[in-house]
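Source file protein_38.txt; content: compact mmCIF, N, CA and C atoms.
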# COMPACT_ATOMS: atom_id res chain seq x y z
N MET U 191 149.74 102.93 157.40
CA MET U 191 149.26 103.56 158.61
C MET U 191 149.42 102.57 159.76
N HIS U 192 149.93 103.07 160.88
CA HIS U 192 150.08 102.24 162.08
C HIS U 192 148.96 102.61 163.05
N ILE U 193 148.18 101.65 163.45
CA ILE U 193 147.07 101.87 164.37
C ILE U 193 147.55 101.57 165.79
N TRP U 194 147.39 102.53 166.68
CA TRP U 194 147.77 102.36 168.08
C TRP U 194 146.52 101.96 168.84
N MET U 195 146.55 100.84 169.51
CA MET U 195 145.36 100.27 170.11
C MET U 195 145.10 100.77 171.54
N GLY U 196 144.48 101.90 171.66
CA GLY U 196 143.83 102.23 172.90
C GLY U 196 144.51 103.06 173.95
N GLU U 197 145.68 103.59 173.73
CA GLU U 197 146.22 104.45 174.76
C GLU U 197 147.11 105.52 174.17
N CYS U 198 147.22 106.59 174.89
CA CYS U 198 148.12 107.67 174.52
C CYS U 198 149.49 107.35 175.10
N HIS U 199 150.50 107.31 174.27
CA HIS U 199 151.84 106.95 174.75
C HIS U 199 152.38 107.94 175.77
N VAL U 200 151.98 109.19 175.68
CA VAL U 200 152.46 110.20 176.63
C VAL U 200 151.81 109.98 178.00
N HIS U 201 150.49 109.81 178.02
CA HIS U 201 149.80 109.56 179.29
C HIS U 201 150.26 108.24 179.92
N ALA U 202 150.38 107.21 179.09
CA ALA U 202 150.79 105.90 179.60
C ALA U 202 152.20 105.96 180.20
N GLY U 203 153.00 106.91 179.73
CA GLY U 203 154.38 107.04 180.20
C GLY U 203 154.53 107.76 181.53
N ILE U 204 153.44 108.21 182.13
CA ILE U 204 153.52 108.85 183.44
C ILE U 204 153.30 107.77 184.48
N ALA U 205 154.38 107.39 185.14
CA ALA U 205 154.37 106.24 186.04
C ALA U 205 154.07 106.63 187.48
N PRO U 206 153.48 105.71 188.23
CA PRO U 206 153.17 105.98 189.64
C PRO U 206 154.38 106.44 190.45
N HIS U 207 155.55 105.83 190.21
CA HIS U 207 156.73 106.22 191.00
C HIS U 207 157.15 107.66 190.75
N GLN U 208 156.89 108.17 189.53
CA GLN U 208 157.21 109.57 189.24
C GLN U 208 156.33 110.49 190.07
N VAL U 209 155.05 110.16 190.14
CA VAL U 209 154.10 110.96 190.93
C VAL U 209 154.51 110.93 192.40
N GLU U 210 154.83 109.74 192.90
CA GLU U 210 155.23 109.61 194.31
C GLU U 210 156.47 110.45 194.61
N ASN U 211 157.45 110.43 193.69
CA ASN U 211 158.68 111.20 193.90
C ASN U 211 158.40 112.70 193.96
N VAL U 212 157.56 113.19 193.06
CA VAL U 212 157.26 114.63 193.04
C VAL U 212 156.44 115.01 194.26
N LEU U 213 155.49 114.16 194.66
CA LEU U 213 154.69 114.45 195.86
C LEU U 213 155.55 114.46 197.13
N THR U 214 156.60 113.65 197.15
CA THR U 214 157.51 113.66 198.29
C THR U 214 158.22 115.01 198.38
N GLU U 215 158.56 115.55 197.23
CA GLU U 215 159.24 116.85 197.18
C GLU U 215 158.29 118.02 197.47
N TYR U 216 157.01 117.85 197.11
CA TYR U 216 155.99 118.89 197.31
C TYR U 216 154.81 118.30 198.09
N PRO U 217 154.98 118.03 199.36
CA PRO U 217 153.94 117.33 200.13
C PRO U 217 152.65 118.13 200.34
N GLU U 218 152.69 119.43 200.18
CA GLU U 218 151.49 120.25 200.37
C GLU U 218 150.68 120.41 199.08
N ALA U 219 151.23 119.96 197.97
CA ALA U 219 150.59 120.15 196.67
C ALA U 219 149.36 119.26 196.51
N GLU U 220 148.39 119.78 195.76
CA GLU U 220 147.27 118.95 195.32
C GLU U 220 147.75 118.15 194.11
N LEU U 221 147.20 116.97 193.94
CA LEU U 221 147.55 116.11 192.82
C LEU U 221 146.40 116.11 191.82
N LEU U 222 146.70 116.49 190.57
CA LEU U 222 145.73 116.47 189.48
C LEU U 222 146.18 115.42 188.47
N VAL U 223 145.35 114.41 188.27
CA VAL U 223 145.71 113.28 187.40
C VAL U 223 144.68 113.16 186.27
N HIS U 224 145.18 113.07 185.05
CA HIS U 224 144.29 112.81 183.91
C HIS U 224 143.94 111.33 183.91
N PRO U 225 142.67 110.97 183.62
CA PRO U 225 142.24 109.56 183.68
C PRO U 225 143.02 108.62 182.76
N GLU U 226 143.63 109.14 181.69
CA GLU U 226 144.36 108.29 180.76
C GLU U 226 145.77 107.96 181.23
N CYS U 227 146.23 108.60 182.29
CA CYS U 227 147.61 108.42 182.74
C CYS U 227 147.87 107.02 183.27
N GLY U 228 149.12 106.60 183.09
CA GLY U 228 149.53 105.31 183.60
C GLY U 228 149.46 105.23 185.11
N CYS U 229 149.36 106.38 185.76
CA CYS U 229 149.32 106.41 187.22
C CYS U 229 147.90 106.57 187.77
N SER U 230 146.89 106.67 186.91
CA SER U 230 145.54 106.96 187.40
C SER U 230 144.95 105.80 188.22
N THR U 231 145.16 104.56 187.78
CA THR U 231 144.61 103.42 188.52
C THR U 231 145.24 103.32 189.90
N SER U 232 146.56 103.44 189.97
CA SER U 232 147.21 103.38 191.28
C SER U 232 146.82 104.59 192.11
N GLY U 233 146.62 105.75 191.46
CA GLY U 233 146.17 106.94 192.18
C GLY U 233 144.81 106.75 192.82
N MET U 234 143.88 106.14 192.08
CA MET U 234 142.55 105.87 192.64
C MET U 234 142.64 104.90 193.81
N TYR U 235 143.48 103.87 193.66
CA TYR U 235 143.64 102.88 194.73
C TYR U 235 144.26 103.54 195.97
N LEU U 236 145.35 104.27 195.79
CA LEU U 236 146.03 104.90 196.92
C LEU U 236 145.14 105.94 197.61
N LYS U 237 144.31 106.60 196.83
CA LYS U 237 143.35 107.55 197.41
C LYS U 237 142.32 106.80 198.26
N SER U 238 141.80 105.69 197.74
CA SER U 238 140.78 104.92 198.47
C SER U 238 141.35 104.30 199.74
N GLU U 239 142.66 104.01 199.75
CA GLU U 239 143.31 103.42 200.92
C GLU U 239 143.77 104.48 201.92
N GLY U 240 143.62 105.77 201.53
CA GLY U 240 144.04 106.84 202.43
C GLY U 240 145.53 107.14 202.37
N ILE U 241 146.25 106.51 201.45
CA ILE U 241 147.69 106.77 201.31
C ILE U 241 147.89 108.13 200.64
N LEU U 242 147.08 108.42 199.62
CA LEU U 242 147.03 109.77 199.05
C LEU U 242 145.84 110.47 199.70
N PRO U 243 146.03 111.69 200.15
CA PRO U 243 144.92 112.38 200.83
C PRO U 243 143.74 112.62 199.89
N LYS U 244 142.55 112.19 200.32
CA LYS U 244 141.35 112.29 199.49
C LYS U 244 141.06 113.73 199.08
N GLU U 245 141.25 114.66 199.99
CA GLU U 245 140.90 116.05 199.71
C GLU U 245 141.90 116.73 198.77
N LYS U 246 143.06 116.09 198.55
CA LYS U 246 144.09 116.71 197.70
C LYS U 246 144.41 115.89 196.45
N THR U 247 143.65 114.82 196.19
CA THR U 247 143.91 113.96 195.04
C THR U 247 142.69 114.01 194.13
N HIS U 248 142.91 114.43 192.89
CA HIS U 248 141.79 114.64 191.97
C HIS U 248 142.10 114.02 190.61
N ILE U 249 141.21 113.16 190.14
CA ILE U 249 141.34 112.58 188.80
C ILE U 249 140.33 113.33 187.93
N LEU U 250 140.88 114.12 187.00
CA LEU U 250 140.06 115.09 186.27
C LEU U 250 140.39 115.12 184.78
N SER U 251 139.40 115.48 184.00
CA SER U 251 139.63 115.73 182.58
C SER U 251 140.48 116.99 182.45
N THR U 252 141.00 117.24 181.27
CA THR U 252 141.83 118.41 181.04
C THR U 252 141.08 119.70 181.40
N GLY U 253 139.86 119.83 180.92
CA GLY U 253 139.06 121.02 181.23
C GLY U 253 138.80 121.18 182.71
N ASN U 254 138.53 120.07 183.38
CA ASN U 254 138.28 120.15 184.82
C ASN U 254 139.54 120.43 185.62
N MET U 255 140.70 120.08 185.09
CA MET U 255 141.96 120.47 185.75
C MET U 255 142.08 121.99 185.77
N LEU U 256 141.74 122.62 184.65
CA LEU U 256 141.80 124.08 184.58
C LEU U 256 140.79 124.71 185.53
N THR U 257 139.59 124.20 185.54
CA THR U 257 138.54 124.72 186.41
C THR U 257 138.91 124.55 187.88
N HIS U 258 139.36 123.34 188.23
CA HIS U 258 139.70 123.04 189.62
C HIS U 258 140.87 123.89 190.11
N SER U 259 141.92 124.00 189.31
CA SER U 259 143.09 124.76 189.75
C SER U 259 142.76 126.23 189.97
N LYS U 260 141.81 126.73 189.22
CA LYS U 260 141.40 128.13 189.40
C LYS U 260 140.57 128.29 190.68
N ALA U 261 139.69 127.36 190.97
CA ALA U 261 138.80 127.46 192.12
C ALA U 261 139.47 127.06 193.43
N SER U 262 140.50 126.24 193.36
CA SER U 262 141.15 125.72 194.57
C SER U 262 141.91 126.81 195.32
N HIS U 263 141.97 126.64 196.63
CA HIS U 263 142.74 127.55 197.48
C HIS U 263 144.20 127.11 197.60
N ALA U 264 144.54 125.96 197.01
CA ALA U 264 145.91 125.46 197.07
C ALA U 264 146.84 126.37 196.29
N ASP U 265 148.10 126.39 196.72
CA ASP U 265 149.12 127.20 196.04
C ASP U 265 149.98 126.39 195.08
N GLU U 266 150.03 125.05 195.30
CA GLU U 266 150.86 124.18 194.48
C GLU U 266 150.06 122.99 193.99
N PHE U 267 150.39 122.55 192.77
CA PHE U 267 149.71 121.42 192.15
C PHE U 267 150.74 120.55 191.44
N VAL U 268 150.66 119.26 191.65
CA VAL U 268 151.42 118.30 190.84
C VAL U 268 150.46 117.87 189.74
N VAL U 269 150.91 118.00 188.50
CA VAL U 269 150.04 117.78 187.35
C VAL U 269 150.52 116.56 186.57
N ALA U 270 149.66 115.53 186.52
CA ALA U 270 149.98 114.29 185.82
C ALA U 270 149.17 114.23 184.53
N THR U 271 149.70 114.86 183.51
CA THR U 271 149.15 114.82 182.15
C THR U 271 150.19 115.44 181.23
N GLU U 272 149.87 115.59 179.97
CA GLU U 272 150.76 116.23 179.00
C GLU U 272 151.06 117.63 179.51
N VAL U 273 152.34 118.01 179.49
CA VAL U 273 152.77 119.25 180.15
C VAL U 273 152.27 120.53 179.48
N GLY U 274 151.74 120.45 178.29
CA GLY U 274 151.25 121.64 177.60
C GLY U 274 150.18 122.39 178.38
N ILE U 275 149.42 121.69 179.21
CA ILE U 275 148.36 122.32 179.98
C ILE U 275 148.91 123.27 181.04
N ILE U 276 150.13 123.04 181.47
CA ILE U 276 150.71 123.86 182.54
C ILE U 276 150.79 125.32 182.14
N HIS U 277 151.07 125.60 180.88
CA HIS U 277 151.11 126.99 180.41
C HIS U 277 149.76 127.67 180.63
N GLN U 278 148.66 126.97 180.28
CA GLN U 278 147.33 127.54 180.48
C GLN U 278 147.03 127.73 181.96
N MET U 279 147.43 126.77 182.78
CA MET U 279 147.19 126.87 184.22
C MET U 279 147.94 128.08 184.81
N GLU U 280 149.19 128.24 184.41
CA GLU U 280 149.99 129.37 184.91
C GLU U 280 149.42 130.71 184.44
N LYS U 281 148.92 130.71 183.23
CA LYS U 281 148.35 131.94 182.67
C LYS U 281 147.11 132.37 183.45
N GLN U 282 146.25 131.42 183.81
CA GLN U 282 145.02 131.77 184.53
C GLN U 282 145.24 131.88 186.04
N ASN U 283 146.38 131.37 186.53
CA ASN U 283 146.69 131.39 187.97
C ASN U 283 148.14 131.79 188.18
N PRO U 284 148.52 133.02 187.88
CA PRO U 284 149.94 133.38 187.96
C PRO U 284 150.53 133.31 189.37
N GLU U 285 149.68 133.31 190.39
CA GLU U 285 150.16 133.26 191.77
C GLU U 285 150.35 131.82 192.28
N LYS U 286 150.01 130.83 191.45
CA LYS U 286 150.10 129.43 191.87
C LYS U 286 151.24 128.73 191.13
N ARG U 287 151.68 127.60 191.70
CA ARG U 287 152.79 126.85 191.12
C ARG U 287 152.28 125.50 190.62
N PHE U 288 152.71 125.13 189.41
CA PHE U 288 152.31 123.88 188.78
C PHE U 288 153.55 123.06 188.45
N ILE U 289 153.62 121.87 189.01
CA ILE U 289 154.78 121.01 188.86
C ILE U 289 154.39 119.78 188.05
N PRO U 290 155.07 119.52 186.93
CA PRO U 290 154.72 118.32 186.16
C PRO U 290 155.16 117.05 186.90
N ALA U 291 154.30 116.04 186.88
CA ALA U 291 154.67 114.74 187.45
C ALA U 291 155.80 114.14 186.63
N ASN U 292 155.77 114.38 185.34
CA ASN U 292 156.82 113.93 184.43
C ASN U 292 157.09 115.06 183.45
N PRO U 293 158.19 115.80 183.62
CA PRO U 293 158.48 116.93 182.73
C PRO U 293 158.70 116.54 181.27
N ASP U 294 158.91 115.25 181.03
CA ASP U 294 159.11 114.77 179.66
C ASP U 294 157.80 114.33 178.98
N ALA U 295 156.67 114.56 179.63
CA ALA U 295 155.37 114.16 179.07
C ALA U 295 154.93 115.19 178.02
N ILE U 296 155.58 115.12 176.88
CA ILE U 296 155.33 116.06 175.79
C ILE U 296 154.86 115.27 174.58
N CYS U 297 153.73 115.68 174.02
CA CYS U 297 153.18 114.99 172.86
C CYS U 297 153.51 115.76 171.58
N PRO U 298 154.36 115.19 170.73
CA PRO U 298 154.71 115.88 169.49
C PRO U 298 153.51 116.02 168.54
N PHE U 299 152.55 115.11 168.66
CA PHE U 299 151.38 115.17 167.79
C PHE U 299 150.47 116.34 168.17
N MET U 300 150.33 116.58 169.47
CA MET U 300 149.51 117.71 169.92
C MET U 300 150.15 119.03 169.49
N LYS U 301 151.48 119.07 169.45
CA LYS U 301 152.18 120.29 169.08
C LYS U 301 152.02 120.62 167.59
N MET U 302 151.57 119.64 166.82
CA MET U 302 151.35 119.88 165.40
C MET U 302 150.03 120.60 165.12
N ILE U 303 149.14 120.60 166.10
CA ILE U 303 147.81 121.19 165.93
C ILE U 303 147.88 122.66 166.36
N THR U 304 147.48 123.55 165.45
CA THR U 304 147.43 124.97 165.78
C THR U 304 146.03 125.51 165.47
N LEU U 305 145.69 126.62 166.05
CA LEU U 305 144.38 127.24 165.76
C LEU U 305 144.24 127.57 164.28
N GLU U 306 145.34 128.00 163.67
CA GLU U 306 145.31 128.35 162.25
C GLU U 306 144.97 127.11 161.40
N LYS U 307 145.56 125.98 161.75
CA LYS U 307 145.31 124.74 161.01
C LYS U 307 143.88 124.24 161.23
N VAL U 308 143.38 124.37 162.45
CA VAL U 308 141.99 123.97 162.73
C VAL U 308 141.03 124.85 161.93
N LEU U 309 141.26 126.16 161.93
CA LEU U 309 140.41 127.09 161.19
C LEU U 309 140.43 126.76 159.69
N ALA U 310 141.60 126.52 159.14
CA ALA U 310 141.71 126.18 157.72
C ALA U 310 140.98 124.88 157.42
N ALA U 311 141.11 123.89 158.28
CA ALA U 311 140.43 122.60 158.07
C ALA U 311 138.93 122.79 158.06
N LEU U 312 138.41 123.62 158.96
CA LEU U 312 136.96 123.86 159.02
C LEU U 312 136.47 124.67 157.83
N LYS U 313 137.21 125.70 157.46
CA LYS U 313 136.80 126.56 156.34
C LYS U 313 136.86 125.83 155.00
N GLU U 314 137.91 125.03 154.82
CA GLU U 314 138.18 124.41 153.54
C GLU U 314 137.74 122.94 153.47
N ASP U 315 137.06 122.45 154.51
CA ASP U 315 136.63 121.05 154.56
C ASP U 315 137.80 120.10 154.29
N LYS U 316 138.94 120.39 154.92
CA LYS U 316 140.14 119.58 154.74
C LYS U 316 140.31 118.63 155.92
N HIS U 317 141.06 117.59 155.70
CA HIS U 317 141.45 116.65 156.75
C HIS U 317 140.26 116.01 157.45
N ILE U 318 139.26 115.66 156.71
CA ILE U 318 138.07 115.04 157.28
C ILE U 318 138.37 113.58 157.60
N ILE U 319 138.04 113.19 158.80
CA ILE U 319 138.25 111.81 159.24
C ILE U 319 136.87 111.19 159.44
N SER U 320 136.65 110.06 158.80
CA SER U 320 135.38 109.37 159.00
C SER U 320 135.68 107.93 159.40
N VAL U 321 134.82 107.42 160.25
CA VAL U 321 134.97 106.04 160.73
C VAL U 321 133.62 105.36 160.61
N PRO U 322 133.59 104.04 160.60
CA PRO U 322 132.31 103.33 160.56
C PRO U 322 131.46 103.71 161.78
N THR U 323 130.16 103.68 161.62
CA THR U 323 129.23 104.05 162.69
C THR U 323 129.49 103.27 163.96
N GLU U 324 129.72 101.97 163.85
CA GLU U 324 129.97 101.14 165.03
C GLU U 324 131.19 101.65 165.82
N THR U 325 132.24 102.02 165.10
CA THR U 325 133.44 102.55 165.75
C THR U 325 133.14 103.88 166.42
N ALA U 326 132.38 104.74 165.73
CA ALA U 326 132.03 106.05 166.28
C ALA U 326 131.22 105.91 167.57
N VAL U 327 130.29 104.97 167.59
CA VAL U 327 129.45 104.75 168.77
C VAL U 327 130.31 104.29 169.95
N GLN U 328 131.23 103.37 169.70
CA GLN U 328 132.12 102.88 170.76
C GLN U 328 133.04 104.00 171.26
N ALA U 329 133.56 104.79 170.34
CA ALA U 329 134.45 105.89 170.72
C ALA U 329 133.70 106.93 171.55
N LYS U 330 132.47 107.22 171.15
CA LYS U 330 131.66 108.19 171.90
C LYS U 330 131.41 107.70 173.32
N LEU U 331 131.13 106.42 173.47
CA LEU U 331 130.90 105.84 174.79
C LEU U 331 132.15 105.97 175.66
N ALA U 332 133.32 105.69 175.09
CA ALA U 332 134.58 105.81 175.84
C ALA U 332 134.81 107.25 176.28
N ILE U 333 134.54 108.20 175.41
CA ILE U 333 134.70 109.62 175.76
C ILE U 333 133.72 110.02 176.83
N GLU U 334 132.47 109.60 176.70
CA GLU U 334 131.46 109.94 177.72
C GLU U 334 131.85 109.39 179.08
N ARG U 335 132.39 108.17 179.11
CA ARG U 335 132.82 107.58 180.39
C ARG U 335 133.98 108.38 180.99
N MET U 336 134.92 108.78 180.16
CA MET U 336 136.05 109.55 180.65
C MET U 336 135.58 110.90 181.21
N VAL U 337 134.71 111.57 180.49
CA VAL U 337 134.20 112.88 180.92
C VAL U 337 133.41 112.74 182.23
N SER U 338 132.67 111.65 182.38
CA SER U 338 131.86 111.47 183.59
C SER U 338 132.71 111.32 184.84
N ILE U 339 133.95 110.85 184.69
CA ILE U 339 134.86 110.74 185.84
C ILE U 339 135.13 112.12 186.43
N GLY U 340 135.32 113.10 185.54
CA GLY U 340 135.69 114.44 185.99
C GLY U 340 134.50 115.22 186.41
Let me see the file written as structure tokens.
Amino acid sequence: MHIWMGECHVHAGIAPHQVENVLTEYPEAELLVHPECGCSTSGMYLKSEGILPKEKTHILSTGNMLTHSKASHADEFVVATEVGIIHQMEKQNPEKRFIPANPDAICPFMKMITLEKVLAALKEDKHIISVPTETAVQAKLAIERMVSIG
């Protein structure tokens, strides 16, 4: 087993220059950035410096991206996260346009998870993952911090 220490390779692969390039092409779009993205730190800095417009730059969890895009009056959004979310956004907002910051931000591991597999795992008590309590506590803290951002 290979342990990956602390980041999602897909999120880490979304670079600040990619976001800048897409925003140049779509200057009226709101920017939605997942906190795990490689561009989130620079996005927060550029927002605080006024380089990215505060009212149009949002660092949000996946769920909050869906909520925000539905409530927003904007017609276009640049989305900096795994591109799978764009389908859900388009489905709930067919009149709006969603542009990936990096169209290659596709996670093959996420594509392996289906509702049928989740249901089978729950019904049959399959694929149970357990970790030491100390690890679980640290992981919960990291998740709570990420959720609090959004």
- Item | Contacts of range 245-261 of chain U at 8 Å (only N, CA and C atoms; same-chain gap of 3+ positions) as a ChimeraX atom specification | /U:218-226,230,233-234,237,242,264,267,275,278-279,282-283,336-340
For those residues, write N, CA and C atoms to a file as an mmCIF file, in the frame of the given file.
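Writing done, so here's again30.cif:
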data_model
loop_
_atom_site.group_PDB
_atom_site.id
_atom_site.type_symbol
_atom_site.label_atom_id
_atom_site.label_comp_id
_atom_site.auth_asym_id
_atom_site.auth_seq_id
_atom_site.Cartn_x
_atom_site.Cartn_y
_atom_site.Cartn_z
ATOM 1 N N GLU U 218 152.690 119.430 200.180
ATOM 2 C CA GLU U 218 151.490 120.250 200.370
ATOM 3 C C GLU U 218 150.680 120.410 199.080
ATOM 4 N N ALA U 219 151.230 119.960 197.970
ATOM 5 C CA ALA U 219 150.590 120.150 196.670
ATOM 6 C C ALA U 219 149.360 119.260 196.510
ATOM 7 N N GLU U 220 148.390 119.780 195.760
ATOM 8 C CA GLU U 220 147.270 118.950 195.320
ATOM 9 C C GLU U 220 147.750 118.150 194.110
ATOM 10 N N LEU U 221 147.200 116.970 193.940
ATOM 11 C CA LEU U 221 147.550 116.110 192.820
ATOM 12 C C LEU U 221 146.400 116.110 191.820
ATOM 13 N N LEU U 222 146.700 116.490 190.570
ATOM 14 C CA LEU U 222 145.730 116.470 189.480
ATOM 15 C C LEU U 222 146.180 115.420 188.470
ATOM 16 N N VAL U 223 145.350 114.410 188.270
ATOM 17 C CA VAL U 223 145.710 113.280 187.400
ATOM 18 C C VAL U 223 144.680 113.160 186.270
ATOM 19 N N HIS U 224 145.180 113.070 185.050
ATOM 20 C CA HIS U 224 144.290 112.810 183.910
ATOM 21 C C HIS U 224 143.940 111.330 183.910
ATOM 22 N N PRO U 225 142.670 110.970 183.620
ATOM 23 C CA PRO U 225 142.240 109.560 183.680
ATOM 24 C C PRO U 225 143.020 108.620 182.760
ATOM 25 N N GLU U 226 143.630 109.140 181.690
ATOM 26 C CA GLU U 226 144.360 108.290 180.760
ATOM 27 C C GLU U 226 145.770 107.960 181.230
ATOM 28 N N SER U 230 146.890 106.670 186.910
ATOM 29 C CA SER U 230 145.540 106.960 187.400
ATOM 30 C C SER U 230 144.950 105.800 188.220
ATOM 31 N N GLY U 233 146.620 105.750 191.460
ATOM 32 C CA GLY U 233 146.170 106.940 192.180
ATOM 33 C C GLY U 233 144.810 106.750 192.820
ATOM 34 N N MET U 234 143.880 106.140 192.080
ATOM 35 C CA MET U 234 142.550 105.870 192.640
ATOM 36 C C MET U 234 142.640 104.900 193.810
ATOM 37 N N LYS U 237 144.310 106.600 196.830
ATOM 38 C CA LYS U 237 143.350 107.550 197.410
ATOM 39 C C LYS U 237 142.320 106.800 198.260
ATOM 40 N N LEU U 242 147.080 108.420 199.620
ATOM 41 C CA LEU U 242 147.030 109.770 199.050
ATOM 42 C C LEU U 242 145.840 110.470 199.700
ATOM 43 N N ALA U 264 144.540 125.960 197.010
ATOM 44 C CA ALA U 264 145.910 125.460 197.070
ATOM 45 C C ALA U 264 146.840 126.370 196.290
ATOM 46 N N PHE U 267 150.390 122.550 192.770
ATOM 47 C CA PHE U 267 149.710 121.420 192.150
ATOM 48 C C PHE U 267 150.740 120.550 191.440
ATOM 49 N N ILE U 275 149.420 121.690 179.210
ATOM 50 C CA ILE U 275 148.360 122.320 179.980
ATOM 51 C C ILE U 275 148.910 123.270 181.040
ATOM 52 N N GLN U 278 148.660 126.970 180.280
ATOM 53 C CA GLN U 278 147.330 127.540 180.480
ATOM 54 C C GLN U 278 147.030 127.730 181.960
ATOM 55 N N MET U 279 147.430 126.770 182.780
ATOM 56 C CA MET U 279 147.190 126.870 184.220
ATOM 57 C C MET U 279 147.940 128.080 184.810
ATOM 58 N N GLN U 282 146.250 131.420 183.810
ATOM 59 C CA GLN U 282 145.020 131.770 184.530
ATOM 60 C C GLN U 282 145.240 131.880 186.040
ATOM 61 N N ASN U 283 146.380 131.370 186.530
ATOM 62 C CA ASN U 283 146.690 131.390 187.970
ATOM 63 C C ASN U 283 148.140 131.790 188.180
ATOM 64 N N MET U 336 134.920 108.780 180.160
ATOM 65 C CA MET U 336 136.050 109.550 180.650
ATOM 66 C C MET U 336 135.580 110.900 181.210
ATOM 67 N N VAL U 337 134.710 111.570 180.490
ATOM 68 C CA VAL U 337 134.200 112.880 180.920
ATOM 69 C C VAL U 337 133.410 112.740 182.230
ATOM 70 N N SER U 338 132.670 111.650 182.380
ATOM 71 C CA SER U 338 131.860 111.470 183.590
ATOM 72 C C SER U 338 132.710 111.320 184.840
ATOM 73 N N ILE U 339 133.950 110.850 184.690
ATOM 74 C CA ILE U 339 134.860 110.740 185.840
ATOM 75 C C ILE U 339 135.130 112.120 186.430
ATOM 76 N N GLY U 340 135.320 113.100 185.540
ATOM 77 C CA GLY U 340 135.690 114.440 185.990
ATOM 78 C C GLY U 340 134.500 115.220 186.410
#
- Step one, run DSSP on the backbone; step two, keep only residues of chain U assigned to alpha helix (DSSP H); then write them as a PyMOL selection string. chain U and resi 199-202+206-215+230-238+252-261+274-282+305-314+323-339
- Item | Surrounding residues of Val200 in chain U excluding itself and chain neighbours under 4 positions, 6 Å, all atoms listed in the file, as a VMD selection string | chain U and resid 204 295 to 296
- Using the chain letters and numbers from this document, which residues of chain U does DSSP assign to strand (DSSP E), as a PyMOL selection string? chain U and resi 220-223+247-249+266-270+287-290
Using all atoms of range 250-266 of chain U listed in the file and a margin of 6 Å per side, can you give the axis-aligned box centre and edge lengths in Å to one decimal, as lines of an AutoDock Vina configuration file?
center_x = 144.6
center_y = 121.2
center_z = 189.3
size_x = 24.6
size_y = 26.2
size_z = 28.7
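Using only C-alpha atoms, the nearest neighbour of Gly228 in chain U within the list U:Glu285, U:Glu272, U:Asp315, U:Glu324 is U:Glu272.
Relative to atom C of Arg287 in chain U, atom C of Phe299 in chain U is found at 24.3 Å.
The space between atom N of Val273 in chain U and atom N of Cys297 in chain U spans 6.1 Å.
Take the candidates U:Cys198, U:Ala205, U:Leu331, U:Leu309 and check each one against Pro293 in chain U using only C-alpha atoms; the shortest distance goes to U:Ala205.
Ranking U:Ser262, U:Asn211, U:Ser232, U:Thr325 by their shortest atom-to-atom distance to Asn292 in chain U, with only C-alpha atoms included, puts U:Asn211 first.
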- Query: Rounded to one decimal in Å, what is the spacing between CA of Val308 in chain U and atom N of Ser320 in chain U?
  - Reply: 15.4 Å
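Minimum distance to Pro298 in chain U across U:Cys229, U:Gly274, U:Gly203, U:Pro284 (counting only C-alpha atoms) occurs at U:Gly274.
Among the candidate residues U:Ala311, U:Leu305, U:Ala202, U:Val268, the one lying nearest to Thr214 in chain U is U:Val268, with distances computed using only C-alpha atoms.
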